[in-house]
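Quick look at run15.cif (mmCIF, C-alpha atoms):
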data_my_file
#
loop_
_atom_site.label_atom_id
_atom_site.label_comp_id
_atom_site.auth_asym_id
_atom_site.auth_seq_id
_atom_site.Cartn_x
_atom_site.Cartn_y
_atom_site.Cartn_z
CA MET A 1028 0.00 0.00 0.00
CA ASP A 1029 3.00 2.28 0.22
CA GLY A 1030 2.94 4.82 -2.50
CA GLU A 1031 -0.64 4.03 -3.60
CA HIS A 1032 -2.10 7.33 -2.43
CA ASP A 1033 0.78 9.72 -3.04
CA ASN A 1034 -1.27 11.85 -5.34
CA PRO A 1035 -4.26 13.53 -3.59
CA ASN A 1036 -6.37 12.92 -6.68
CA ASP A 1037 -5.92 9.17 -6.23
CA GLN A 1038 -7.47 9.20 -2.72
CA THR A 1039 -10.95 7.94 -2.10
CA PRO A 1040 -13.61 10.47 -1.02
CA TRP A 1041 -13.56 9.11 2.52
CA GLU A 1042 -9.79 9.65 2.84
CA GLN A 1043 -10.06 13.16 1.43
CA THR A 1044 -12.75 14.01 4.00
CA ALA A 1045 -10.66 12.63 6.90
CA VAL A 1046 -7.61 14.67 5.91
CA ALA A 1047 -9.63 17.83 5.36
CA SER A 1048 -11.39 17.55 8.76
CA GLN A 1049 -8.14 17.50 10.78
CA PRO A 1050 -7.31 20.87 12.35
CA VAL A 1051 -4.22 22.64 11.17
CA VAL A 1052 -1.78 23.34 14.04
CA ALA A 1053 0.11 26.55 13.71
CA GLU A 1054 3.58 26.36 15.14
CA THR A 1055 5.11 29.56 16.38
CA LEU A 1056 8.59 30.20 17.63
CA ASP A 1057 7.44 32.32 20.57
CA THR A 1058 5.51 29.70 22.55
CA PRO A 1059 7.07 26.31 23.35
CA ALA A 1060 4.97 23.22 22.78
CA THR A 1061 5.63 21.90 26.32
CA PRO A 1062 6.05 23.86 29.55
CA ARG A 1063 9.60 24.03 30.82
CA ALA A 1064 10.63 22.48 34.15
CA GLY A 1065 11.00 24.82 37.11
CA GLY A 1066 14.34 26.46 37.74
CA TRP A 1067 14.48 24.88 41.18
CA THR A 1068 14.79 21.33 39.88
CA ILE A 1069 18.56 21.20 39.53
CA THR A 1070 19.05 23.25 42.70
CA LEU A 1071 16.88 20.93 44.80
CA LEU A 1072 18.57 17.84 43.38
CA CYS A 1073 22.07 19.21 44.05
CA VAL A 1074 21.28 20.35 47.61
CA GLY A 1075 19.61 17.02 48.43
CA ILE A 1076 22.49 14.97 47.07
CA ALA A 1077 24.99 17.22 48.88
CA LEU A 1078 23.21 16.68 52.22
CA LEU A 1079 23.16 12.93 51.68
CA ALA A 1080 26.84 12.94 50.76
CA CYS A 1081 27.74 14.97 53.86
CA CYS A 1082 25.89 12.53 56.11
CA ILE A 1083 27.79 9.61 54.60
CA ILE A 1084 31.25 11.07 54.00
CA ILE A 1085 31.84 13.11 57.20
CA PRO A 1086 31.47 10.19 59.66
CA GLN A 1087 33.66 7.98 57.47
CA ALA A 1088 36.32 10.69 57.17
CA ASP A 1089 36.29 11.03 60.98
CA ALA A 1090 36.76 7.28 61.34
CA ASN A 1091 39.69 7.41 58.90
CA ARG A 1092 41.28 10.31 60.82
CA ARG A 1093 40.85 8.44 64.11
CA LEU A 1094 42.56 5.37 62.61
CA ALA A 1095 45.45 7.55 61.38
CA TYR A 1096 45.73 9.07 64.88
CA GLN A 1097 45.84 5.60 66.46
CA HIS A 1098 48.40 4.51 63.87
CA GLN A 1099 50.69 7.40 64.85
CA LYS A 1100 50.29 6.54 68.53
CA LEU A 1101 51.11 2.89 67.90
CA GLN A 1102 54.15 3.87 65.81
CA ALA A 1103 55.46 5.99 68.73
CA ASP A 1104 54.85 3.10 71.15
CA LEU A 1105 56.64 0.69 68.82
CA LYS A 1106 59.69 2.97 68.59
CA GLN A 1107 59.79 3.24 72.38
CA ILE A 1108 59.55 -0.53 72.81
CA GLN A 1109 62.27 -1.11 70.22
CA LYS A 1110 64.49 1.42 72.00
CA GLN A 1111 63.80 -0.28 75.35
CA GLY A 1112 64.63 -3.66 73.81
CA ALA A 1113 67.94 -2.34 72.46
CA VAL A 1114 68.86 -0.88 75.89
CA ASN A 1115 67.97 -4.18 77.57
CA GLU A 1116 70.07 -6.15 75.07
CA GLU A 1117 73.03 -3.87 75.67
CA PHE A 1118 72.62 -4.22 79.45
CA LEU A 1119 72.47 -8.03 79.24
CA LYS A 1120 75.64 -8.10 77.12
CA LYS A 1121 77.41 -5.91 79.68
CA VAL A 1122 76.28 -8.15 82.57
CA ALA A 1123 77.47 -11.25 80.69
CA ASN A 1124 80.88 -9.75 79.80
CA ASP A 1125 81.65 -7.72 82.97
CA PRO A 1126 82.00 -9.79 86.17
CA THR A 1127 82.31 -6.64 88.32
CA LEU A 1128 78.91 -5.40 87.13
CA ALA A 1129 77.37 -8.82 87.82
CA GLU A 1130 78.84 -8.78 91.34
CA ARG A 1131 77.53 -5.27 92.01
CA LEU A 1132 74.06 -6.26 90.84
CA ALA A 1133 74.12 -9.34 93.08
CA GLN A 1134 75.18 -7.25 96.09
CA ARG A 1135 72.48 -4.71 95.33
CA GLN A 1136 69.82 -7.39 95.11
CA MET A 1137 70.94 -8.99 98.34
CA LYS A 1138 71.25 -5.55 99.99
CA PHE A 1139 74.82 -6.32 100.91
CA VAL A 1140 77.75 -3.88 100.87
CA ARG A 1141 81.29 -5.28 100.95
CA GLU A 1142 83.61 -3.97 103.65
CA GLY A 1143 85.93 -1.24 102.51
CA THR A 1144 83.60 0.00 99.75
CA SER A 1145 81.37 3.00 99.91
CA VAL A 1146 77.87 3.39 98.62
CA LEU A 1147 77.18 6.25 96.27
CA LYS A 1148 74.30 8.39 97.50
CA LEU A 1149 72.01 9.72 94.76
CA ASP A 1150 69.27 12.29 95.34
CA GLY A 1151 68.95 11.37 99.00
CA ARG A 1152 67.84 7.82 98.12
CA ASP A 1153 69.48 4.68 99.34
CA PRO A 1154 70.99 3.01 96.25
CA ILE A 1155 70.76 -0.41 97.84
CA GLU A 1156 66.99 -0.07 98.13
CA GLY A 1157 66.62 0.94 94.45
CA SER A 1158 65.92 -1.49 91.66
CA PRO A 1159 68.59 -2.34 89.09
CA PHE A 1160 65.91 -2.10 86.46
CA LEU A 1161 65.95 1.67 86.87
CA LEU A 1162 69.37 1.56 85.23
CA VAL A 1163 67.86 0.44 81.93
CA ARG A 1164 64.61 2.35 82.06
CA VAL A 1165 63.80 4.30 78.89
CA PRO A 1166 61.33 7.16 79.38
CA PRO A 1167 57.99 6.74 77.60
CA PRO A 1168 57.24 8.85 74.55
CA PRO A 1169 55.50 12.16 75.14
CA PRO A 1170 51.72 11.79 75.20
CA GLN A 1171 49.88 12.76 72.07
CA PRO A 1172 47.25 15.47 72.24
CA PRO A 1173 43.69 14.11 72.41
CA PHE A 1174 41.92 13.44 69.14
CA HIS A 1175 39.54 16.20 68.03
CA PRO A 1176 37.83 15.75 64.66
CA PRO A 1177 37.81 18.92 62.53
CA GLY A 1178 34.68 20.52 61.21
CA GLY A 1179 31.99 23.04 61.87
CA ARG A 1180 28.29 23.06 62.56
CA LEU A 1181 27.30 20.82 59.63
CA ALA A 1182 29.99 18.29 60.57
CA SER A 1183 28.79 18.14 64.18
CA ILE A 1184 25.20 17.63 62.97
CA CYS A 1185 26.33 14.85 60.62
CA ARG A 1186 28.27 13.11 63.44
CA ASP A 1187 25.25 12.84 65.74
CA PRO A 1188 23.26 9.72 64.72
CA GLN A 1189 19.85 11.20 65.55
CA SER A 1190 20.32 14.51 63.73
CA ARG A 1191 22.04 12.68 60.85
CA THR A 1192 18.81 10.72 60.33
CA TYR A 1193 16.82 13.94 60.02
CA VAL A 1194 19.35 15.52 57.65
CA MET A 1195 19.34 12.41 55.45
CA GLY A 1196 15.53 12.49 55.40
CA ALA A 1197 15.59 16.17 54.40
CA GLY A 1198 18.11 15.38 51.66
CA MET A 1199 15.93 12.59 50.28
CA LEU A 1200 12.89 14.89 50.43
CA LEU A 1201 14.76 17.56 48.46
CA VAL A 1202 15.82 15.00 45.84
CA ALA A 1203 12.23 13.76 45.56
CA CYS A 1204 10.91 17.34 45.24
CA GLY A 1205 13.49 18.06 42.56
CA LEU A 1206 12.46 14.98 40.61
CA ILE A 1207 8.74 15.73 40.92
CA LEU A 1208 9.03 19.42 40.08
CA GLY A 1209 11.19 18.56 37.11
CA TYR A 1210 8.40 16.54 35.48
CA SER A 1211 7.30 17.64 32.03
CA PRO A 1212 4.47 15.90 30.15
CA ARG A 1213 5.18 13.99 26.93
CA ARG A 1214 4.69 15.77 23.62
#
Just give me the structure of the file as structure tokens.
Amino acid sequence: MDGEHDNPNDQTPWEQTAVASQPVVAETLDTPATPRAGGWTITLLCVGIALLACCIIIPQADANRRLAYQHQKLQADLKQIQKQGAVNEEFLKKVANDPTLAERLAQRQMKFVREGTSVLKLDGRDPIEGSPFLLVRVPPPPPQPPFHPPGGRLASICRDPQSRTYVMGAGMLLVACGLILGYSPRR
């Protein structure tokens, strides 16, 4: 049937009547055929997605910062323990190789002072009463400042689980409003 009725003179009277009865639509450049979406659509979508992203990213970033803080603290503790181990190793080598040091440690432990020797007084303390382990004591590393996550008002709202729920709900509502207001009917 394609090409049968290309010429209007070849059409049947019923077809000519159907074509003639259809209204002619005038297209103008001034008025669009469909109404445009509101200007708030993209804004609402962006704000809603930004709120959702803040509620998800800020707590995770805080957790990552806390892990990095703990990692630094553990690294400082490890260095201190390694230093203490090296000092202990050196002390044990000295005790094994120096019989005088071993004898002094034994006398100190037994709280015995050989005749003809004097005891060195340090800071008003009795050296016999002191522990030989103080000789190899390595001071602990300086304490780290307490962990404080950075951020402002929005970050503190996103950290609180209850307020985060409300902010996420508001973000989803804004996304839904943006999608609904952006609706345009089919042509």
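Going from atom CA of Gln1109 of chain A to atom CA of Arg1135 of chain A covers 27.3 Å.
Shortest separation to Ile1085 of chain A among A:Val1202, A:Thr1192, A:Gln1107, A:Pro1176 occurs at residue A:Pro1176, atoms counted being all atoms listed in the file.
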- Can you work out the spacing between atom CA of Leu1071 of chain A and atom CA of Arg1180 of chain A in Å, to one decimal? 21.2 Å
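If you measure from each of A:Leu1201, A:Leu1119, A:Gln1102, A:Met1195 to Leu1132 of chain A using all atoms listed in the file, the closest one turns out to be A:Leu1119.
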Would you give me, as a Markdown table, each residue of segment 1156-1196 of chain A having an atom within 8 Å of an atom of segment 1078-1081 of chain A, along with its shortest atom pair and that distance in Å to one decimal, using only C-alpha atoms and sorting by chain and residue number?
| residue | atom | partner | partner_atom | distance |
| --- | --- | --- | --- | --- |
| A:Ala1182 | CA | A:Cys1081 | CA | 7.8 |
| A:Cys1185 | CA | A:Cys1081 | CA | 6.9 |
| A:Val1194 | CA | A:Leu1078 | CA | 6.8 |
| A:Met1195 | CA | A:Leu1079 | CA | 5.4 |
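What separates atom CA of Ser1183 of chain A from atom CA of Leu1206 of chain A is a distance of 28.8 Å.
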- Note on the structure: Using all atoms listed in the file, the residue out of A:Ala1203, A:Ala1113, A:Ala1077, A:Leu1181 with shortest distance to Val1163 of chain A is A:Ala1113
- Message: Here is a test: counting only C-alpha atoms, which residue of A:Met1199, A:Ala1088, A:Cys1073, A:Val1165 is nearest to Ile1108 of chain A?
- Response: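 That would be A:Val1165, the residue with the smallest distance to Ile1108 of chain A.
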- Query: Could you name the residues that touch segment 1168-1175 of chain A at 9 Å or less, counting all atoms listed in the file, but leaving out those on the same chain fewer than 4 positions away, as JSON, numbers by chain?
  - Reply: {"A": [1092, 1093, 1096, 1100, 1103, 1104, 1106, 1107]}
- Given the PyMOL selection byres ((chain A and resi 1204) around 12), the residues it picks as a list of chain:residue names: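 Given this file, the PyMOL selection byres ((chain A and resi 1204) around 12) evaluates to A:Gly1065, A:Trp1067, A:Thr1068, A:Ile1069, A:Thr1070, A:Leu1071, A:Leu1072, A:Cys1073, A:Val1074, A:Gly1075, A:Ile1076, A:Ala1197, A:Gly1198, A:Met1199, A:Leu1200, A:Leu1201, A:Val1202, A:Ala1203, A:Gly1205, A:Leu1206, A:Ile1207, A:Leu1208, A:Gly1209, A:Tyr1210.
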